[in-house]
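Undergrad: The file below is entry_39.cif, mmCIF, C-alpha atoms:
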```
data_data
#
loop_
_atom_site.group_PDB
_atom_site.id
_atom_site.type_symbol
_atom_site.label_atom_id
_atom_site.label_comp_id
_atom_site.auth_asym_id
_atom_site.auth_seq_id
_atom_site.Cartn_x
_atom_site.Cartn_y
_atom_site.Cartn_z
ATOM 1 C CA MET A 1358 -3.598 -15.223 44.549
ATOM 2 C CA LEU A 1359 -1.414 -17.172 46.951
ATOM 3 C CA GLU A 1360 -3.397 -15.771 49.873
ATOM 4 C CA ILE A 1361 -6.654 -17.028 48.408
ATOM 5 C CA PHE A 1362 -5.234 -20.559 48.158
ATOM 6 C CA GLY A 1363 -3.939 -20.289 51.712
ATOM 7 C CA PHE A 1364 -7.282 -19.231 53.127
ATOM 8 C CA ILE A 1365 -9.091 -21.960 51.162
ATOM 9 C CA PHE A 1366 -6.767 -24.634 52.580
ATOM 10 C CA MET A 1367 -7.041 -23.281 56.115
ATOM 11 C CA THR A 1368 -10.840 -23.128 55.918
ATOM 12 C CA LEU A 1369 -10.975 -26.740 54.745
ATOM 13 C CA GLY A 1370 -8.715 -27.774 57.624
ATOM 14 C CA VAL A 1371 -10.815 -25.977 60.222
ATOM 15 C CA LEU A 1372 -13.963 -27.545 58.753
ATOM 16 C CA ALA A 1373 -12.318 -30.973 59.133
ATOM 17 C CA PHE A 1374 -11.723 -30.120 62.793
ATOM 18 C CA LEU A 1375 -15.362 -29.093 63.198
ATOM 19 C CA VAL A 1376 -16.549 -32.385 61.666
ATOM 20 C CA SER A 1377 -14.163 -34.264 63.936
ATOM 21 C CA ALA A 1378 -15.441 -32.558 67.071
ATOM 22 C CA LEU A 1379 -19.100 -33.097 66.171
ATOM 23 C CA GLY A 1380 -18.442 -36.750 65.385
ATOM 24 C CA LEU A 1381 -16.622 -37.134 68.684
ATOM 25 C CA LEU A 1382 -19.783 -35.986 70.428
ATOM 26 C CA ARG A 1383 -22.187 -37.940 68.235
ATOM 27 C CA MET A 1384 -20.666 -41.393 67.645
ATOM 28 C CA PRO A 1385 -21.860 -44.271 69.848
ATOM 29 C CA ASP A 1386 -18.728 -46.094 71.064
ATOM 30 C CA VAL A 1387 -14.964 -45.851 71.442
ATOM 31 C CA TYR A 1388 -13.898 -47.348 68.110
ATOM 32 C CA THR A 1389 -16.116 -45.159 65.943
ATOM 33 C CA ARG A 1390 -15.041 -42.116 67.974
ATOM 34 C CA MET A 1391 -11.456 -43.125 67.347
ATOM 35 C CA HIS A 1392 -12.189 -43.397 63.632
ATOM 36 C CA VAL A 1393 -13.500 -39.850 63.454
ATOM 37 C CA GLY A 1394 -11.094 -38.481 66.020
ATOM 38 C CA THR A 1395 -7.808 -39.464 64.427
ATOM 39 C CA LYS A 1396 -8.278 -39.444 60.646
ATOM 40 C CA ALA A 1397 -10.107 -36.130 60.449
ATOM 41 C CA THR A 1398 -7.673 -34.368 62.774
ATOM 42 C CA THR A 1399 -4.683 -35.628 60.782
ATOM 43 C CA ILE A 1400 -6.051 -34.165 57.575
ATOM 44 C CA GLY A 1401 -7.024 -31.003 59.482
ATOM 45 C CA VAL A 1402 -3.492 -30.350 60.750
ATOM 46 C CA VAL A 1403 -1.970 -31.073 57.328
ATOM 47 C CA LEU A 1404 -4.396 -28.714 55.573
ATOM 48 C CA VAL A 1405 -3.911 -25.905 58.107
ATOM 49 C CA ALA A 1406 -0.121 -26.210 57.821
ATOM 50 C CA LEU A 1407 -0.299 -26.165 54.013
ATOM 51 C CA GLY A 1408 -2.489 -23.072 54.092
ATOM 52 C CA ALA A 1409 -0.060 -21.362 56.453
ATOM 53 C CA CYS A 1410 2.750 -22.275 54.023
ATOM 54 C CA PHE A 1411 0.890 -20.405 51.279
ATOM 55 C CA LEU A 1412 0.280 -17.394 53.510
ATOM 56 C CA GLU A 1413 3.807 -17.107 54.922
ATOM 57 C CA PRO A 1414 6.307 -18.839 52.585
ATOM 58 C CA SER A 1415 9.357 -18.097 54.747
ATOM 59 C CA TRP A 1416 8.050 -20.357 57.538
ATOM 60 C CA SER A 1417 7.374 -23.276 55.250
ATOM 61 C CA PHE A 1418 10.223 -25.467 56.523
ATOM 62 C CA LYS A 1419 8.931 -25.484 60.098
ATOM 63 C CA LEU A 1420 5.324 -25.909 58.991
ATOM 64 C CA LEU A 1421 6.106 -28.832 56.698
ATOM 65 C CA LEU A 1422 8.178 -30.412 59.484
ATOM 66 C CA LEU A 1423 5.160 -30.064 61.786
ATOM 67 C CA ALA A 1424 2.820 -31.616 59.199
ATOM 68 C CA LEU A 1425 5.241 -34.492 58.583
ATOM 69 C CA PHE A 1426 5.596 -35.090 62.318
ATOM 70 C CA VAL A 1427 1.824 -35.250 62.829
ATOM 71 C CA LEU A 1428 1.473 -37.455 59.748
ATOM 72 C CA LEU A 1429 4.009 -39.893 61.202
ATOM 73 C CA THR A 1430 2.965 -39.998 64.861
ATOM 74 C CA ASN A 1431 -0.824 -39.740 64.777
ATOM 75 C CA PRO A 1432 -1.525 -43.211 63.269
ATOM 76 C CA LEU A 1433 0.926 -44.666 65.775
ATOM 77 C CA SER A 1434 -0.815 -43.184 68.811
ATOM 78 C CA SER A 1435 -4.265 -44.145 67.506
ATOM 79 C CA SER A 1436 -3.024 -47.699 66.969
ATOM 80 C CA VAL A 1437 -1.728 -47.805 70.553
ATOM 81 C CA ILE A 1438 -5.061 -46.552 71.898
ATOM 82 C CA ALA A 1439 -7.067 -49.034 69.779
ATOM 83 C CA ARG A 1440 -4.937 -52.018 70.835
ATOM 84 C CA ALA A 1441 -5.144 -51.036 74.493
ATOM 85 C CA THR A 1442 -8.914 -50.625 74.313
ATOM 86 C CA HIS A 1443 -9.338 -53.971 72.605
ATOM 87 C CA LYS A 1444 -7.180 -55.784 75.126
ATOM 88 C CA ASN A 1445 -9.107 -54.062 77.876
ATOM 89 C CA GLY A 1446 -12.242 -55.854 76.662
ATOM 90 C CA LEU A 1447 -14.433 -53.063 75.329
ATOM 91 C CA THR A 1448 -16.600 -54.098 72.381
ATOM 92 C CA LEU A 1449 -18.554 -52.316 69.681
ATOM 93 C CA GLU A 1450 -21.974 -50.888 70.469
ATOM 94 C CA ARG A 1451 -23.657 -52.896 67.699
ATOM 95 C CA ASP A 1452 -21.585 -55.987 67.026
ATOM 96 C CA GLU A 1453 -23.107 -57.620 63.950
ATOM 97 C CA LEU A 1454 -20.051 -59.700 63.134
ATOM 98 C CA LYS A 1455 -18.668 -61.246 66.280
ATOM 99 C CA ASP A 1456 -15.169 -60.128 67.100
ATOM 100 C CA ALA A 1457 -12.616 -62.972 67.031
ATOM 101 C CA SER A 1458 -10.551 -61.649 69.899
ATOM 102 C CA MET B 70 -10.937 -14.046 58.310
ATOM 103 C CA PHE B 71 -8.536 -15.110 61.040
ATOM 104 C CA THR B 72 -11.224 -14.224 63.580
ATOM 105 C CA LEU B 73 -13.705 -16.531 61.853
ATOM 106 C CA LEU B 74 -11.215 -19.412 61.687
ATOM 107 C CA THR B 75 -10.290 -18.937 65.349
ATOM 108 C CA GLY B 76 -13.956 -18.840 66.343
ATOM 109 C CA VAL B 77 -14.825 -22.074 64.538
ATOM 110 C CA LEU B 78 -11.750 -23.784 65.975
ATOM 111 C CA LEU B 79 -12.599 -22.614 69.501
ATOM 112 C CA PHE B 80 -16.132 -23.997 69.072
ATOM 113 C CA SER B 81 -14.627 -27.341 68.006
ATOM 114 C CA ILE B 82 -12.339 -27.287 71.051
ATOM 115 C CA PHE B 83 -15.364 -26.658 73.278
ATOM 116 C CA VAL B 84 -17.286 -29.595 71.772
ATOM 117 C CA ALA B 85 -14.286 -31.928 72.132
ATOM 118 C CA LEU B 86 -13.860 -30.756 75.729
ATOM 119 C CA LEU B 87 -17.494 -31.732 76.327
ATOM 120 C CA ARG B 88 -16.618 -35.290 75.262
ATOM 121 C CA PHE B 89 -13.532 -35.152 77.471
ATOM 122 C CA VAL B 90 -15.672 -34.299 80.493
ATOM 123 C CA ARG B 91 -18.576 -36.647 79.710
ATOM 124 C CA GLY B 92 -16.860 -39.684 78.156
ATOM 125 C CA LYS B 93 -17.667 -42.861 80.024
ATOM 126 C CA THR B 94 -14.466 -44.875 79.722
ATOM 127 C CA LEU B 95 -10.819 -43.914 80.003
ATOM 128 C CA SER B 96 -10.303 -44.660 76.297
ATOM 129 C CA ASP B 97 -12.925 -42.072 75.339
ATOM 130 C CA ARG B 98 -11.096 -39.470 77.376
ATOM 131 C CA LEU B 99 -7.802 -40.485 75.828
ATOM 132 C CA VAL B 100 -9.154 -40.063 72.282
ATOM 133 C CA ALA B 101 -10.593 -36.674 73.242
ATOM 134 C CA PHE B 102 -7.212 -35.701 74.717
ATOM 135 C CA ASP B 103 -5.476 -36.602 71.458
ATOM 136 C CA VAL B 104 -7.968 -34.543 69.455
ATOM 137 C CA LEU B 105 -7.620 -31.589 71.852
ATOM 138 C CA GLY B 106 -3.841 -31.636 71.467
ATOM 139 C CA LEU B 107 -4.024 -31.498 67.679
ATOM 140 C CA MET B 108 -6.672 -28.762 67.780
ATOM 141 C CA SER B 109 -4.577 -26.574 70.058
ATOM 142 C CA LEU B 110 -1.595 -27.200 67.763
ATOM 143 C CA SER B 111 -3.403 -25.792 64.748
ATOM 144 C CA LEU B 112 -4.881 -22.975 66.840
ATOM 145 C CA LEU B 113 -1.270 -22.035 67.609
ATOM 146 C CA ILE B 114 -0.458 -22.070 63.867
ATOM 147 C CA ILE B 115 -3.357 -19.683 63.187
ATOM 148 C CA LEU B 116 -2.334 -17.419 66.085
ATOM 149 C CA ALA B 117 1.255 -17.398 64.810
ATOM 150 C CA LEU B 118 -0.019 -16.115 61.472
ATOM 151 C CA TYR B 119 -2.226 -13.528 63.181
ATOM 152 C CA PHE B 120 0.411 -12.097 65.525
ATOM 153 C CA GLU B 121 3.241 -12.744 63.022
ATOM 154 C CA ARG B 122 5.494 -14.507 65.501
ATOM 155 C CA ALA B 123 7.441 -17.543 64.326
ATOM 156 C CA LEU B 124 8.101 -18.529 67.940
ATOM 157 C CA TYR B 125 4.597 -19.986 68.265
ATOM 158 C CA LEU B 126 5.467 -22.674 65.694
ATOM 159 C CA ASP B 127 8.140 -24.049 68.018
ATOM 160 C CA ILE B 128 5.560 -24.220 70.801
ATOM 161 C CA ALA B 129 3.225 -26.043 68.407
ATOM 162 C CA LEU B 130 5.962 -28.595 67.664
ATOM 163 C CA VAL B 131 6.530 -29.148 71.392
ATOM 164 C CA ILE B 132 2.772 -29.586 71.944
ATOM 165 C CA GLY B 133 2.705 -32.219 69.191
ATOM 166 C CA LEU B 134 5.615 -34.088 70.766
ATOM 167 C CA ILE B 135 4.166 -33.993 74.294
ATOM 168 C CA GLY B 136 0.699 -34.993 73.050
ATOM 169 C CA PHE B 137 2.061 -38.000 71.204
ATOM 170 C CA LEU B 138 4.112 -39.112 74.212
ATOM 171 C CA GLY B 139 1.106 -38.661 76.506
ATOM 172 C CA SER B 140 -1.160 -40.733 74.272
ATOM 173 C CA ALA B 141 1.405 -43.516 73.923
ATOM 174 C CA ILE B 142 2.111 -43.691 77.660
ATOM 175 C CA PHE B 143 -1.560 -43.587 78.645
ATOM 176 C CA GLY B 144 -2.332 -46.301 76.085
ATOM 177 C CA ARG B 145 0.327 -48.468 77.669
ATOM 178 C CA TYR B 146 -1.185 -47.741 81.086
ATOM 179 C CA ILE B 147 -4.638 -48.836 79.897
ATOM 180 C CA GLU B 148 -3.153 -51.995 78.409
ATOM 181 C CA LYS B 149 -0.903 -53.185 81.204
ATOM 182 C CA GLY B 150 -1.371 -51.040 84.295
ATOM 183 C CA ILE B 151 1.456 -49.226 85.976
#
```
The structure given in the file should be rewritten as structure tokens.

TA:
Amino acid sequence: MLEIFGFIFMTLGVLAFLVSALGLLRMPDVYTRMHVGTKATTIGVVLVALGACFLEPSWSFKLLLLALFVLLTNPLSSSVIARATHKNGLTLERDELKDAS
Amino acid sequence: MFTLLTGVLLFSIFVALLRFVRGKTLSDRLVAFDVLGLMSLSLLIILALYFERALYLDIALVIGLIGFLGSAIFGRYIEKGI
């Protein structure tokens, strides 16, 4: 029973990674790629770690530490990348509302 | 089951690597680098379950740390130069 939950969580996480990779190829500019490339991978890592916790309960401390670490640092690094890109002067592909830089 | 998960994850890594090679600006490559780091981290989690070695989790933690530091430092480089 626990194994079924574990495999369900891990499959959902890997599907989030697949969606993230396809969006990274498909989206038109840097900001939309960043949107798909940081949120979806965060949820992917958290789901894979949770599924691994179900499959192997004795490793759960390390896995939860890993998930917490990714959950803390990934928004920070994406924020750094977004601020650097914006200061570098790149704009959106279709800018309907003008950006008050 | 593990084979299927590893296959799908390797396909995702290949697609993200395509963006890493093609991406026009440095920021595109940096985003792709971030995504590749997290994908290899969870590939290491799956391989740790498959080979039943807890050592791989430590390597995954180190990859997460190095990937975060790399993204932060490269972002600072894009913003201000060396």

Undergrad: Output the residue selection produced by the PyMOL selection byres ((chain B) within 7 of (chain A)) on the file above, formatted as a ChimeraX atom specification.

TA: /B:74,78,81,84-85,88,96-97,100,104,107,111,130,137,140-141,144-145,147-148

Undergrad: Mind writing the picked residues with C-alpha atoms as a tab-separated table (two decimals), in the coordinates of the input?

TA:
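Okay, selection16.tsv is ready:
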```
chain	number	residue	atom	x	y	z
B	74	LEU	CA	-11.22	-19.41	61.69
B	78	LEU	CA	-11.75	-23.78	65.97
B	81	SER	CA	-14.63	-27.34	68.01
B	84	VAL	CA	-17.29	-29.60	71.77
B	85	ALA	CA	-14.29	-31.93	72.13
B	88	ARG	CA	-16.62	-35.29	75.26
B	96	SER	CA	-10.30	-44.66	76.30
B	97	ASP	CA	-12.92	-42.07	75.34
B	100	VAL	CA	-9.15	-40.06	72.28
B	104	VAL	CA	-7.97	-34.54	69.46
B	107	LEU	CA	-4.02	-31.50	67.68
B	111	SER	CA	-3.40	-25.79	64.75
B	130	LEU	CA	5.96	-28.60	67.66
B	137	PHE	CA	2.06	-38.00	71.20
B	140	SER	CA	-1.16	-40.73	74.27
B	141	ALA	CA	1.40	-43.52	73.92
B	144	GLY	CA	-2.33	-46.30	76.08
B	145	ARG	CA	0.33	-48.47	77.67
B	147	ILE	CA	-4.64	-48.84	79.90
B	148	GLU	CA	-3.15	-52.00	78.41
```

Undergrad: Could you state the separation of atom CA of Cys1410 of chain A and atom CA of Val131 of chain B in Å, given to one decimal place?

TA: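 Rounded to one decimal, the two atoms are 19.1 Å apart.
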
Undergrad: As a list in words, please: the residues near Leu112 of chain B (cut-off 8 Å, all atoms listed in the file, same-chain neighbours under 4 positions excluded).

TA: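 Listed by chain and then number, they are Thr75, Leu78, Met108 and Leu116 of chain B.
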
Undergrad: Smallest atom-to-atom distance to Pro1432 of chain A: which of B:Phe80, B:Asp103, B:Leu87, B:Gly139, using all atoms listed in the file?

TA: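 Selected residue with least distance to Pro1432 of chain A: B:Asp103.
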
Undergrad: What gap, in Å, lies between atom CA of Tyr119 of chain B and atom CA of Leu73 of chain B?

TA: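 Answer for the atom CA of Tyr119 of chain B to atom CA of Leu73 of chain B separation: 11.9 Å.
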
Undergrad: Just to confirm, what's the straight-line distance from atom CA of Ile1365 of chain A to atom CA of Thr1389 of chain A in Å (one decimal)?

TA: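 Here the two named atoms are 28.4 Å from each other.
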
Undergrad: Need the axis-aligned box for segment 1367-1370 of chain A with 5 Å each side, so what are the centre and edges in Å to one decimal, as JSON?

TA:
```
{"center_x": -9.0, "center_y": -25.5, "center_z": 56.2, "size_x": 13.9, "size_y": 14.6, "size_z": 12.9}
```
